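Scroll down for the structure; my scribbles are underneath it.
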Amino acid sequence: MASIKAIFVGGSAISVLPHVKSNIPSLSCVALDSNSNALSNVNCEETVLITDSDYQSRVEELRKVLSSPNEIPLKSDSDNSETIVILVAGLGGRTGSYISPILAQEGLQMGYKVSSVVTLPFSFEGKSRKIIAQESFRLLQSHSSTVYVLSLDSILRWIDKEAVSEMEFFKVANSFFVWKVLASLSEFGSARDSWTRSVAVTERN
Ligand SMILES: Nc1nc2c(ncn2[C@@H]2O[C@H](COP(=O)(O)OP(=O)(O)OP(=O)(O)O)[C@@H](O)[C@H]2O)c(=O)[nH]1
Ligand SMILES: [Mg+2]
């Protein structure tokens with residue numbers, strides 16, 4: 001039976017996690033961050049605090065995350081026993097941008113199918129975030145079978161820039177990001193029976 005491991009990496013992924021969970025309560029997930037406060041309130045089966053470590057220790061730690069039993073079996077009419085890893089991250093910061101490509105690379109080596117769902121930063125966040133995001137995105141593309149990408153600039157057309165603060169921009173970004181994650185999960189056709197009906201409702205909206 002195929003199964004899904006959903007891994008949320010970094011601050012913005014963790015901020016959309018409750019909304020994804022409220023749509024798909026049966027989703028079991030792992031949350032990783034370098035910020036222990038962000039992890040303390042997360043409703044996830046497993047949380048992993050990323051601490052400073054050398055590359056090899058980090059890879060070993062991430063391989064453990066990838067081998068963890070926290071995954072959701074998919075109802076499937078085939079004998080397909082593949083494991084699909086869904087990586088969720090907002091690119092442009094350090095944690096999500098750096099850790100996700102390592103997870104993708106290691107996941108691929110462990111024989112998993114890797115799908116990534118990421119955001120690219122708003123232009124107003126500056127050039128250095130854009131460069132970090134682009135490099136991470138390039139690496140993710142080479143290790144993932146699919147990358148679902150939401151360019152945050154693309155949502156600016158829906159926002160009255162004069163009327164709202166940057167905080168509000170991120171609130172709107174959250175809604176689009178949640179939708180993107182749900183849409184990516186709905187791609188796994190045989191998964192539909194496993195999820196709650198909310199996914200279908202979200203699709204119709
Ligand atoms: N949807 C959404 N995106 C956000 C939010 N905050 C930041 N982002 C976006 O996500 C990118 C990465 O930010 P974070 O996820 O906070 O960064 P991180 O991966 O935790 O990395 P560090 O905090 O630098 O270690 C930012 O450059 C923004 O484009 C948020 O509240 N919601
Ligand atoms: Mg962070």
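Note on naming: chains are A, B, ... as they come in the structure tokens, residues start from 1 per chain, ligands start from 1 in the order shown.
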*Give me the residues within 12 Å of Thr83 in chain A as a list in words, counting only C-alpha atoms and dropping any in the same chain fewer than 6 places off.*
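Skipping anything fewer than 6 positions along the chain leaves Met1, Ala2, Ser3, Ile4, Lys5, Ala6, Leu66, Ser67, Ser68, Pro69, Asn70, Glu71, Ile72, Pro73, Leu74, Gly107, Leu108, Met110, Gly111, Tyr112, Lys113, Val114, Ser115 and Phe188 of chain A.
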*All residues within 8 Å of ligand 2 are required, counting only C-alpha atoms and all ligand atoms; please report them as a VMD selection string.*
chain A and resid 10 to 12 33 to 35 93 to 96
Would you mind exporting N, CA and C atoms of the selected residues as a tab-separated table (two decimals), in the first residue's frame?
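After the write, again.tsv holds the following:
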chain	number	residue	atom	x	y	z
A	10	GLY	N	10.57	24.66	8.50
A	10	GLY	CA	10.76	26.10	8.66
A	10	GLY	C	9.49	26.83	9.07
A	11	GLY	N	9.67	28.11	9.41
A	11	GLY	CA	8.62	28.92	10.02
A	11	GLY	C	7.35	29.04	9.20
A	12	SER	N	7.45	29.35	7.92
A	12	SER	CA	6.22	29.60	7.18
A	12	SER	C	5.45	28.31	6.94
A	33	ASP	N	12.16	22.63	12.56
A	33	ASP	CA	12.52	24.05	12.56
A	33	ASP	C	13.72	24.26	13.46
A	34	SER	N	14.38	25.40	13.26
A	34	SER	CA	15.50	25.74	14.13
A	34	SER	C	15.01	26.61	15.29
A	35	ASN	N	13.72	26.93	15.28
A	35	ASN	CA	13.15	27.76	16.33
A	35	ASN	C	12.28	26.89	17.26
A	93	GLY	N	14.36	31.86	3.54
A	93	GLY	CA	15.01	31.93	4.85
A	93	GLY	C	16.15	30.91	4.88
A	94	ARG	N	16.64	30.60	6.07
A	94	ARG	CA	17.75	29.64	6.14
A	94	ARG	C	17.24	28.21	6.28
A	95	THR	N	16.35	27.98	7.27
A	95	THR	CA	16.00	26.60	7.61
A	95	THR	C	15.33	25.85	6.45
A	96	GLY	N	14.20	26.37	5.99
A	96	GLY	CA	13.47	25.68	4.93
A	96	GLY	C	14.30	25.54	3.66
Counting only C-alpha atoms and all ligand atoms, which residues of chain A sit at most 7 Å from some atom of ligand 1, and what is each one's closest atom pair with its distance in Å to one decimal, listed by chain and rising residue number, as a Markdown table?
| residue | atom | partner | partner_atom_place_in_ligand_line | distance |
| --- | --- | --- | --- | --- |
| A:Val9 | CA | ligand 1 | 19 (O) | 6.5 |
| A:Gly10 | CA | ligand 1 | 20 (O) | 3.6 |
| A:Gly11 | CA | ligand 1 | 20 (O) | 3.6 |
| A:Ser12 | CA | ligand 1 | 15 (O) | 3.6 |
| A:Ala13 | CA | ligand 1 | 15 (O) | 6.0 |
| A:Ser15 | CA | ligand 1 | 31 (O) | 6.0 |
| A:Val16 | CA | ligand 1 | 1 (N) | 6.8 |
| A:Asp33 | CA | ligand 1 | 20 (O) | 6.4 |
| A:Ser34 | CA | ligand 1 | 25 (O) | 6.1 |
| A:Ala89 | CA | ligand 1 | 15 (O) | 6.5 |
| A:Gly90 | CA | ligand 1 | 10 (O) | 3.9 |
| A:Leu91 | CA | ligand 1 | 11 (C) | 4.8 |
| A:Gly92 | CA | ligand 1 | 27 (O) | 4.0 |
| A:Gly93 | CA | ligand 1 | 24 (O) | 3.6 |
| A:Arg94 | CA | ligand 1 | 24 (O) | 3.8 |
| A:Thr95 | CA | ligand 1 | 19 (O) | 3.9 |
| A:Gly96 | CA | ligand 1 | 19 (O) | 3.5 |
| A:Ser97 | CA | ligand 1 | 19 (O) | 5.9 |
| A:Thr119 | CA | ligand 1 | 10 (O) | 6.6 |
| A:Leu120 | CA | ligand 1 | 29 (O) | 5.9 |
| A:Pro121 | CA | ligand 1 | 29 (O) | 3.4 |
| A:Phe122 | CA | ligand 1 | 29 (O) | 5.6 |
| A:Glu125 | CA | ligand 1 | 27 (O) | 6.6 |
| A:Arg129 | CA | ligand 1 | 27 (O) | 6.0 |
| A:Leu152 | CA | ligand 1 | 29 (O) | 6.9 |
| A:Phe170 | CA | ligand 1 | 32 (N) | 4.7 |
| A:Lys171 | CA | ligand 1 | 32 (N) | 6.3 |
| A:Ala173 | CA | ligand 1 | 1 (N) | 4.4 |
| A:Asn174 | CA | ligand 1 | 1 (N) | 3.8 |
| A:Phe177 | CA | ligand 1 | 1 (N) | 5.7 |
Generate the output file for the selected residues, C-alpha atoms, as a PDB file, in the first residue's frame.
ATOM      1  CA  VAL A   9      10.169  22.617   7.221  1.00  0.00           C
ATOM      2  CA  GLY A  10      10.761  26.100   8.662  1.00  0.00           C
ATOM      3  CA  GLY A  11       8.618  28.915  10.016  1.00  0.00           C
ATOM      4  CA  SER A  12       6.218  29.603   7.175  1.00  0.00           C
ATOM      5  CA  ALA A  13       5.469  25.920   6.552  1.00  0.00           C
ATOM      6  CA  SER A  15       2.464  28.537  10.210  1.00  0.00           C
ATOM      7  CA  VAL A  16       0.232  26.954   7.552  1.00  0.00           C
ATOM      8  CA  ASP A  33      12.521  24.054  12.558  1.00  0.00           C
ATOM      9  CA  SER A  34      15.496  25.739  14.135  1.00  0.00           C
ATOM     10  CA  ALA A  89       8.668  24.974   2.861  1.00  0.00           C
ATOM     11  CA  GLY A  90       8.694  28.710   2.317  1.00  0.00           C
ATOM     12  CA  LEU A  91      11.957  29.397   0.500  1.00  0.00           C
ATOM     13  CA  GLY A  92      14.093  32.455   1.186  1.00  0.00           C
ATOM     14  CA  GLY A  93      15.014  31.928   4.850  1.00  0.00           C
ATOM     15  CA  ARG A  94      17.745  29.638   6.136  1.00  0.00           C
ATOM     16  CA  THR A  95      16.004  26.600   7.610  1.00  0.00           C
ATOM     17  CA  GLY A  96      13.468  25.676   4.929  1.00  0.00           C
ATOM     18  CA  SER A  97      15.773  26.594   2.056  1.00  0.00           C
ATOM     19  CA  THR A 119       6.793  29.474  -1.952  1.00  0.00           C
ATOM     20  CA  LEU A 120       9.213  31.948  -3.516  1.00  0.00           C
ATOM     21  CA  PRO A 121       9.604  35.196  -1.562  1.00  0.00           C
ATOM     22  CA  PHE A 122       7.973  38.527  -2.299  1.00  0.00           C
ATOM     23  CA  GLU A 125      11.824  40.939   0.878  1.00  0.00           C
ATOM     24  CA  ARG A 129      16.230  36.035  -0.004  1.00  0.00           C
ATOM     25  CA  LEU A 152       4.341  35.148  -3.557  1.00  0.00           C
ATOM     26  CA  PHE A 170       1.739  37.215   4.778  1.00  0.00           C
ATOM     27  CA  LYS A 171      -1.779  36.453   5.975  1.00  0.00           C
ATOM     28  CA  ALA A 173       0.140  34.391   1.459  1.00  0.00           C
ATOM     29  CA  ASN A 174      -0.869  31.810   4.069  1.00  0.00           C
ATOM     30  CA  PHE A 177       0.010  28.462   0.493  1.00  0.00           C
TER      31      PHE A 177
END
_Set the distance at 9 Å and use only C-alpha atoms: which residues neighbour Val20 in chain A once local chain neighbours fewer than 6 positions away are removed? I'd like the list as an MDAnalysis selection string._
chainID A and resid 27 178:179 181:182
Since we have the selection now, will you write its residues out, keeping N, CA and C atoms, as a CSV table (one decimal), in the first residue's frame?
chain,number,residue,atom,x,y,z
A,27,LEU,N,-4.1,13.6,8.5
A,27,LEU,CA,-2.7,13.7,8.0
A,27,LEU,C,-1.8,13.6,9.1
A,178,VAL,N,-1.7,27.4,1.8
A,178,VAL,CA,-2.6,26.3,2.3
A,178,VAL,C,-3.2,25.6,1.1
A,179,TRP,N,-3.8,26.5,0.3
A,179,TRP,CA,-4.5,25.9,-0.9
A,179,TRP,C,-3.5,25.1,-1.8
A,181,VAL,N,-0.8,23.5,-0.8
A,181,VAL,CA,-0.5,22.3,-0.2
A,181,VAL,C,-1.6,21.3,-0.4
A,182,LEU,N,-2.9,21.8,-0.2
A,182,LEU,CA,-4.0,20.9,-0.3
A,182,LEU,C,-4.2,20.4,-1.8
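Take CA of Pro101 in chain A and CA of Met167 in chain A: the distance between them is 27.5 Å.
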*Give me every alpha helix (DSSP H) residue in chain A, going by DSSP on the backbone, as a ChimeraX atom specification.*
/A:11-23,36-40,55-67,95-109,127-143,166-186,198-204
Go ahead and dump the residues you just picked, C-alpha atoms, as a compact mmCIF listing (two decimals), in the first residue's frame.
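File written: out.txt
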# COMPACT_ATOMS: atom_id res chain seq x y z
CA GLY A 11 8.62 28.92 10.02
CA SER A 12 6.22 29.60 7.18
CA ALA A 13 5.47 25.92 6.55
CA ILE A 14 4.74 25.51 10.25
CA SER A 15 2.46 28.54 10.21
CA VAL A 16 0.23 26.95 7.55
CA LEU A 17 0.28 23.51 9.15
CA PRO A 18 -2.77 24.06 11.46
CA HIS A 19 -4.86 25.10 8.46
CA VAL A 20 -3.76 22.08 6.45
CA LYS A 21 -4.49 19.84 9.43
CA SER A 22 -7.93 21.36 9.93
CA ASN A 23 -8.76 20.34 6.37
CA SER A 36 12.06 25.77 19.38
CA ASN A 37 9.22 28.21 20.17
CA ALA A 38 7.67 27.63 16.77
CA LEU A 39 7.77 23.89 17.38
CA SER A 40 6.31 23.99 20.87
CA TYR A 55 26.85 18.33 7.40
CA GLN A 56 27.26 14.60 7.95
CA SER A 57 25.49 14.60 11.33
CA ARG A 58 22.72 16.66 9.78
CA VAL A 59 22.27 14.20 6.95
CA GLU A 60 22.10 11.31 9.43
CA GLU A 61 19.52 13.18 11.51
CA LEU A 62 17.42 13.88 8.42
CA ARG A 63 17.64 10.27 7.26
CA LYS A 64 16.16 9.30 10.63
CA VAL A 65 13.30 11.73 10.03
CA LEU A 66 12.73 10.18 6.62
CA SER A 67 12.69 6.67 8.09
CA THR A 95 16.00 26.60 7.61
CA GLY A 96 13.47 25.68 4.93
CA SER A 97 15.77 26.59 2.06
CA TYR A 98 18.73 24.64 3.38
CA ILE A 99 17.06 21.59 4.92
CA SER A 100 14.45 20.79 2.24
CA PRO A 101 16.93 20.02 -0.57
CA ILE A 102 18.87 17.69 1.75
CA LEU A 103 15.64 15.89 2.66
CA ALA A 104 14.74 15.65 -1.04
CA GLN A 105 18.13 14.28 -1.99
CA GLU A 106 18.23 11.76 0.84
CA GLY A 107 14.59 10.79 0.30
CA LEU A 108 15.32 10.05 -3.32
CA GLN A 109 18.33 7.94 -2.35
CA LYS A 127 17.62 40.25 -3.27
CA SER A 128 19.42 37.97 -0.84
CA ARG A 129 16.23 36.03 0.00
CA LYS A 130 15.51 35.72 -3.69
CA ILE A 131 18.96 34.27 -4.36
CA ILE A 132 18.69 31.80 -1.47
CA ALA A 133 15.23 30.74 -2.70
CA GLN A 134 16.38 30.32 -6.30
CA GLU A 135 19.30 28.10 -5.34
CA SER A 136 17.13 25.99 -3.04
CA PHE A 137 14.45 25.72 -5.72
CA ARG A 138 17.04 24.58 -8.27
CA LEU A 139 18.24 21.84 -5.92
CA LEU A 140 14.69 20.77 -5.08
CA GLN A 141 13.83 20.52 -8.75
CA SER A 142 16.70 18.15 -9.33
CA HIS A 143 15.68 15.83 -6.48
CA GLU A 166 3.37 43.59 5.23
CA MET A 167 1.89 41.43 7.98
CA GLU A 168 -1.35 41.36 6.03
CA PHE A 169 0.56 40.30 2.92
CA PHE A 170 1.74 37.21 4.78
CA LYS A 171 -1.78 36.45 5.98
CA VAL A 172 -2.96 36.40 2.38
CA ALA A 173 0.14 34.39 1.46
CA ASN A 174 -0.87 31.81 4.07
CA SER A 175 -4.25 31.27 2.44
CA PHE A 176 -2.70 30.69 -0.96
CA PHE A 177 0.01 28.46 0.49
CA VAL A 178 -2.56 26.29 2.31
CA TRP A 179 -4.49 25.95 -0.92
CA LYS A 180 -1.31 24.95 -2.75
CA VAL A 181 -0.49 22.26 -0.19
CA LEU A 182 -4.04 20.87 -0.32
CA ALA A 183 -4.02 20.95 -4.11
CA SER A 184 -0.73 19.05 -4.17
CA LEU A 185 -2.14 16.41 -1.81
CA SER A 186 -5.24 16.05 -3.95
CA SER A 198 -12.83 19.07 2.92
CA VAL A 199 -10.23 18.54 0.22
CA ALA A 200 -12.89 18.15 -2.42
CA VAL A 201 -14.66 21.22 -1.05
CA THR A 202 -11.43 23.18 -1.25
CA GLU A 203 -10.95 22.07 -4.83
CA ARG A 204 -14.42 23.27 -5.78
*Record the distance separating CA of Leu156 in chain A and CA of Val118 in chain A, expressed in Å with one decimal.*
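Calculated distance between CA of Leu156 in chain A and CA of Val118 in chain A is 17.0 Å.
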